[in-house]
Amino acid sequence: MAWRGYLSRSVKELRFLYCQTSPASLPAREFVHRNYKDLKTLNPKLPILIREASGVEPQLWARYDMGVERYVRLEGLTEPQINKALEELVKAGGIF
């Protein structure tokens, strides 16, 4: 998982969107709970935003240079799949 240290090189901002109570958002909530500290330690200047809203579909957004944004829907994904989706968003930034 060495790519986690390069997160801030390709991504300018990460946003996690999910519902506080929805079962569909549970894996996203757990992923953030288990990985936020590690991601923030490796990328201290990278804004990692967590947006909770009732009834919202779980999503992960990445903002790159020039305001370009991409997102992945997290509904139905497990924590390892969310990790893989995050890795793909990092690689989409073009540093690798």
# chains A, B, ... in the order shown; residues from 1 in each chain; ligands from 1

$ residues_around --residues "segment 49-53 of chain A" --least-positions-apart "6" --cutoff "10 Å" --atoms "only C-alpha atoms" --output "list of chain:residue names"
A:Glu13, A:Leu14, A:Arg15, A:Phe16, A:Leu17, A:Tyr18, A:Cys19, A:Gln20, A:Thr21, A:Ser25, A:Arg29, A:Val32, A:Tyr36, A:Gln59, A:Leu60, A:Trp61

$ select_by_dssp --residues "chain A" --states "strand (DSSP E or B)" --output "PyMOL selection string"
chain A and resi 13-18+48-52+59-63+69-73

$ residues_around --residues "segment 78-81 of chain A" --least-positions-apart "6" --cutoff "9 Å" --atoms "only C-alpha atoms" --output "VMD selection string"
chain A and resid 27 to 28 30 to 31

$ closest_residue --among "A:Leu77, A:Leu26, A:Val90, A:Ile48" --to "Arg9 of chain A" --atoms "only C-alpha atoms"
A:Val90

$ decode --residues "segment 48-62 of chain A" --atoms "all heavy atoms" --output "JSON list (two decimals), in the first residue's frame"
[["chain", "number", "residue", "atom", "x", "y", "z"],
["A", 48, "ILE", "N", -9.15, 15.89, 3.58],
["A", 48, "ILE", "CA", -9.99, 14.69, 3.51],
["A", 48, "ILE", "C", -11.30, 15.06, 4.19],
["A", 48, "ILE", "O", -11.35, 15.20, 5.40],
["A", 48, "ILE", "CB", -9.32, 13.48, 4.19],
["A", 48, "ILE", "CG1", -7.98, 13.17, 3.54],
["A", 48, "ILE", "CG2", -10.25, 12.26, 4.13],
["A", 48, "ILE", "CD1", -7.19, 12.07, 4.23],
["A", 49, "LEU", "N", -12.33, 15.24, 3.38],
["A", 49, "LEU", "CA", -13.61, 15.71, 3.88],
["A", 49, "LEU", "C", -14.56, 14.54, 4.07],
["A", 49, "LEU", "O", -14.62, 13.63, 3.23],
["A", 49, "LEU", "CB", -14.22, 16.72, 2.91],
["A", 49, "LEU", "CG", -13.30, 17.87, 2.49],
["A", 49, "LEU", "CD1", -13.96, 18.71, 1.43],
["A", 49, "LEU", "CD2", -12.96, 18.71, 3.70],
["A", 50, "ILE", "N", -15.31, 14.57, 5.15],
["A", 50, "ILE", "CA", -16.29, 13.54, 5.44],
["A", 50, "ILE", "C", -17.64, 14.23, 5.54],
["A", 50, "ILE", "O", -17.85, 15.09, 6.41],
["A", 50, "ILE", "CB", -15.95, 12.80, 6.73],
["A", 50, "ILE", "CG1", -14.60, 12.11, 6.54],
["A", 50, "ILE", "CG2", -17.04, 11.79, 7.08],
["A", 50, "ILE", "CD1", -13.86, 11.85, 7.79],
["A", 51, "ARG", "N", -18.53, 13.90, 4.64],
["A", 51, "ARG", "CA", -19.85, 14.53, 4.58],
["A", 51, "ARG", "C", -20.91, 13.48, 4.88],
["A", 51, "ARG", "O", -21.03, 12.49, 4.16],
["A", 51, "ARG", "CB", -20.10, 15.14, 3.20],
["A", 51, "ARG", "CG", -19.10, 16.21, 2.81],
["A", 51, "ARG", "CD", -19.31, 17.42, 3.70],
["A", 51, "ARG", "NE", -18.43, 18.50, 3.33],
["A", 51, "ARG", "CZ", -17.51, 19.02, 4.12],
["A", 51, "ARG", "NH1", -17.36, 18.56, 5.33],
["A", 51, "ARG", "NH2", -16.76, 20.02, 3.73],
["A", 52, "GLU", "N", -21.63, 13.69, 5.95],
["A", 52, "GLU", "CA", -22.70, 12.79, 6.33],
["A", 52, "GLU", "C", -24.03, 13.49, 6.09],
["A", 52, "GLU", "O", -24.22, 14.64, 6.48],
["A", 52, "GLU", "CB", -22.59, 12.43, 7.81],
["A", 52, "GLU", "CG", -21.33, 11.68, 8.15],
["A", 52, "GLU", "CD", -21.21, 11.39, 9.63],
["A", 52, "GLU", "OE1", -21.69, 12.22, 10.45],
["A", 52, "GLU", "OE2", -20.65, 10.35, 9.96],
["A", 53, "ALA", "N", -24.93, 12.78, 5.43],
["A", 53, "ALA", "CA", -26.26, 13.32, 5.17],
["A", 53, "ALA", "C", -27.25, 12.16, 5.14],
["A", 53, "ALA", "O", -26.96, 11.10, 4.59],
["A", 53, "ALA", "CB", -26.29, 14.06, 3.84],
["A", 54, "SER", "N", -28.38, 12.37, 5.74],
["A", 54, "SER", "CA", -29.40, 11.34, 5.82],
["A", 54, "SER", "C", -29.88, 10.92, 4.43],
["A", 54, "SER", "O", -30.25, 11.76, 3.61],
["A", 54, "SER", "CB", -30.57, 11.86, 6.64],
["A", 54, "SER", "OG", -31.54, 10.86, 6.77],
["A", 55, "GLY", "N", -29.83, 9.62, 4.18],
["A", 55, "GLY", "CA", -30.35, 9.08, 2.93],
["A", 55, "GLY", "C", -29.45, 9.19, 1.72],
["A", 55, "GLY", "O", -29.83, 8.77, 0.64],
["A", 56, "VAL", "N", -28.25, 9.73, 1.87],
["A", 56, "VAL", "CA", -27.37, 9.89, 0.71],
["A", 56, "VAL", "C", -26.71, 8.55, 0.36],
["A", 56, "VAL", "O", -26.45, 7.71, 1.21],
["A", 56, "VAL", "CB", -26.31, 10.99, 0.97],
["A", 56, "VAL", "CG1", -25.26, 10.50, 1.94],
["A", 56, "VAL", "CG2", -25.65, 11.44, -0.31],
["A", 57, "GLU", "N", -26.48, 8.36, -0.93],
["A", 57, "GLU", "CA", -25.79, 7.16, -1.42],
["A", 57, "GLU", "C", -24.30, 7.29, -1.11],
["A", 57, "GLU", "O", -23.71, 8.35, -1.33],
["A", 57, "GLU", "CB", -26.01, 7.08, -2.93],
["A", 57, "GLU", "CG", -25.26, 5.97, -3.60],
["A", 57, "GLU", "CD", -25.43, 6.04, -5.11],
["A", 57, "GLU", "OE1", -26.58, 5.99, -5.56],
["A", 57, "GLU", "OE2", -24.42, 6.16, -5.80],
["A", 58, "PRO", "N", -23.64, 6.25, -0.61],
["A", 58, "PRO", "CA", -22.22, 6.36, -0.29],
["A", 58, "PRO", "C", -21.37, 6.55, -1.56],
["A", 58, "PRO", "O", -21.54, 5.83, -2.54],
["A", 58, "PRO", "CB", -21.89, 5.04, 0.41],
["A", 58, "PRO", "CG", -22.96, 4.10, 0.00],
["A", 58, "PRO", "CD", -24.17, 4.92, -0.30],
["A", 59, "GLN", "N", -20.51, 7.55, -1.50],
["A", 59, "GLN", "CA", -19.66, 7.90, -2.65],
["A", 59, "GLN", "C", -18.28, 8.34, -2.17],
["A", 59, "GLN", "O", -18.13, 8.81, -1.05],
["A", 59, "GLN", "CB", -20.26, 9.06, -3.44],
["A", 59, "GLN", "CG", -21.63, 8.83, -3.96],
["A", 59, "GLN", "CD", -22.24, 10.09, -4.55],
["A", 59, "GLN", "OE1", -21.57, 11.09, -4.77],
["A", 59, "GLN", "NE2", -23.53, 10.05, -4.80],
["A", 60, "LEU", "N", -17.30, 8.21, -3.04],
["A", 60, "LEU", "CA", -15.96, 8.72, -2.80],
["A", 60, "LEU", "C", -15.59, 9.62, -3.97],
["A", 60, "LEU", "O", -15.61, 9.18, -5.12],
["A", 60, "LEU", "CB", -14.96, 7.56, -2.68],
["A", 60, "LEU", "CG", -13.48, 7.92, -2.62],
["A", 60, "LEU", "CD1", -13.18, 8.84, -1.45],
["A", 60, "LEU", "CD2", -12.64, 6.66, -2.55],
["A", 61, "TRP", "N", -15.27, 10.87, -3.68],
["A", 61, "TRP", "CA", -14.92, 11.86, -4.70],
["A", 61, "TRP", "C", -13.45, 12.22, -4.58],
["A", 61, "TRP", "O", -12.93, 12.34, -3.47],
["A", 61, "TRP", "CB", -15.74, 13.13, -4.53],
["A", 61, "TRP", "CG", -17.16, 12.99, -4.96],
["A", 61, "TRP", "CD1", -18.18, 12.42, -4.26],
["A", 61, "TRP", "CD2", -17.72, 13.44, -6.19],
["A", 61, "TRP", "NE1", -19.34, 12.49, -4.98],
["A", 61, "TRP", "CE2", -19.09, 13.11, -6.18],
["A", 61, "TRP", "CE3", -17.20, 14.09, -7.30],
["A", 61, "TRP", "CZ2", -19.94, 13.40, -7.23],
["A", 61, "TRP", "CZ3", -18.06, 14.38, -8.35],
["A", 61, "TRP", "CH2", -19.40, 14.03, -8.31],
["A", 62, "ALA", "N", -12.80, 12.41, -5.71],
["A", 62, "ALA", "CA", -11.42, 12.89, -5.74],
["A", 62, "ALA", "C", -11.37, 14.10, -6.65],
["A", 62, "ALA", "O", -11.93, 14.09, -7.75],
["A", 62, "ALA", "CB", -10.48, 11.81, -6.26]]
